Amino acid sequence: MRREQIEQWIAEGYNVLEHKKPKVVQGDIWEYLNSHDGHGTDVYALSELAKCADHELHQIELRKYAQEYGQLGEKQFLRNESIRMKSFDKYEAFLRLFYPNSVEKEVEEAKFLAERVRRVSKAEMEQWVTANHINVLLSDLNCLDEDAILTGMVIPSEEVVSYTDGGLQDTMDCHLTPMEFFSHADAALYWIDSKIKS
């Protein structure tokens, strides 16, 4: 979640962010937000998010993963960030605190993956999927999170439906078809792992 994106949604007339998707709520948005408060929902007023600094938006995202999955969610979020930014200090410090027996192995894996991960446009992403005959995408974070790292997979066609069932609702390690992904995700840029799994 970035301030530029939030400001763009506001300029387009949206007033609420619900489950990472902007929407227009008619009437009193505070009443709408209060009706969702305390139900574990991911609903925010865009006007309030626009007041947050980037590091505060980052903390909101991190908190969401930590609340849903505890240490595992926090670990996955920090791993994702370290790979994208090629900066491993925070991730390593977290591992030393909570996973001391696997620090070296996990940091080494993250650094190895960081060399393969690249940022692509939507057109490049679609070409990558088509050229590699990808029929399943694996997203390390929620697939609608613009910072999620997507891995392409080629699996037997008869297994695709059972493999991707409910992927849009998953918060981490989401499996979904490229068609599902492109019909729900609408970012300008995506992060992909250039190695295809089969």
# chains A, B, ... in the order shown; residues from 1 in each chain; ligands from 1
>>> residues_around(residues="Thr177 in chain A", least_positions_apart="5", cutoff="10 Å", atoms="only C-alpha atoms", output="ChimeraX atom specification")
/A:134-138,152-153,160-161,163-165,167-168,182
>>> residues_around(residues="Asp42 in chain A", least_positions_apart="2", cutoff="12 Å", atoms="only C-alpha atoms", output="list in words")
Val16, Leu17, Glu18, His19, Lys20, Lys21, Pro22, Leu33, His36, Asp37, Gly38, His39, Gly40, Tyr44, Ala45, Ile60, Glu61, Arg63, Lys64, Tyr65, Gln67, Glu68 and Thr171 of chain A
>>> residues_around(residues="range 74-85 of chain A", least_positions_apart="5", cutoff="10 Å", atoms="only C-alpha atoms", output="PyMOL selection string")
chain A and resi 61-69+90-92+94-95+98-99+106-107+109-119+140-141+147-149+172-173+191-192
>>> atom_distance(atom1="CA of Asp170 in chain A", atom2="CA of Asn142 in chain A")
6.4 Å
>>> closest_residue(among="A:Pro100, A:Ser198, A:Asp89, A:Arg3", to="His55 in chain A", atoms="only C-alpha atoms")
A:Arg3
>>> closest_residue(among="A:Leu189, A:Val120, A:Ala53, A:Val129", to="Leu144 in chain A", atoms="only C-alpha atoms")
A:Leu189
>>> residues_around(residues="His133 in chain A", least_positions_apart="5", cutoff="10 Å", atoms="only C-alpha atoms", output="PyMOL selection string")
chain A and resi 127-128+152-155+196
>>> select_by_dssp(residues="range 29-166 of chain A", states="alpha helix (DSSP H)", output="PyMOL selection string")
chain A and resi 29-36+46-49+54-69+71-85+89-98+103-114+122-131+160-164
>>> closest_residue(among="A:Ile10, A:Val24, A:Leu49, A:Ala187", to="Ser121 in chain A", atoms="only C-alpha atoms")
A:Ala187
>>> atom_distance(atom1="CA of Ser139 in chain A", atom2="CA of Ser157 in chain A")
19.2 Å
>>> closest_residue(among="A:Gly27, A:Cys143, A:Lys51, A:Asp186", to="Gly166 in chain A", atoms="only C-alpha atoms")
A:Cys143
>>> atom_distance(atom1="CA of Pro178 in chain A", atom2="CA of Val43 in chain A")
26.0 Å
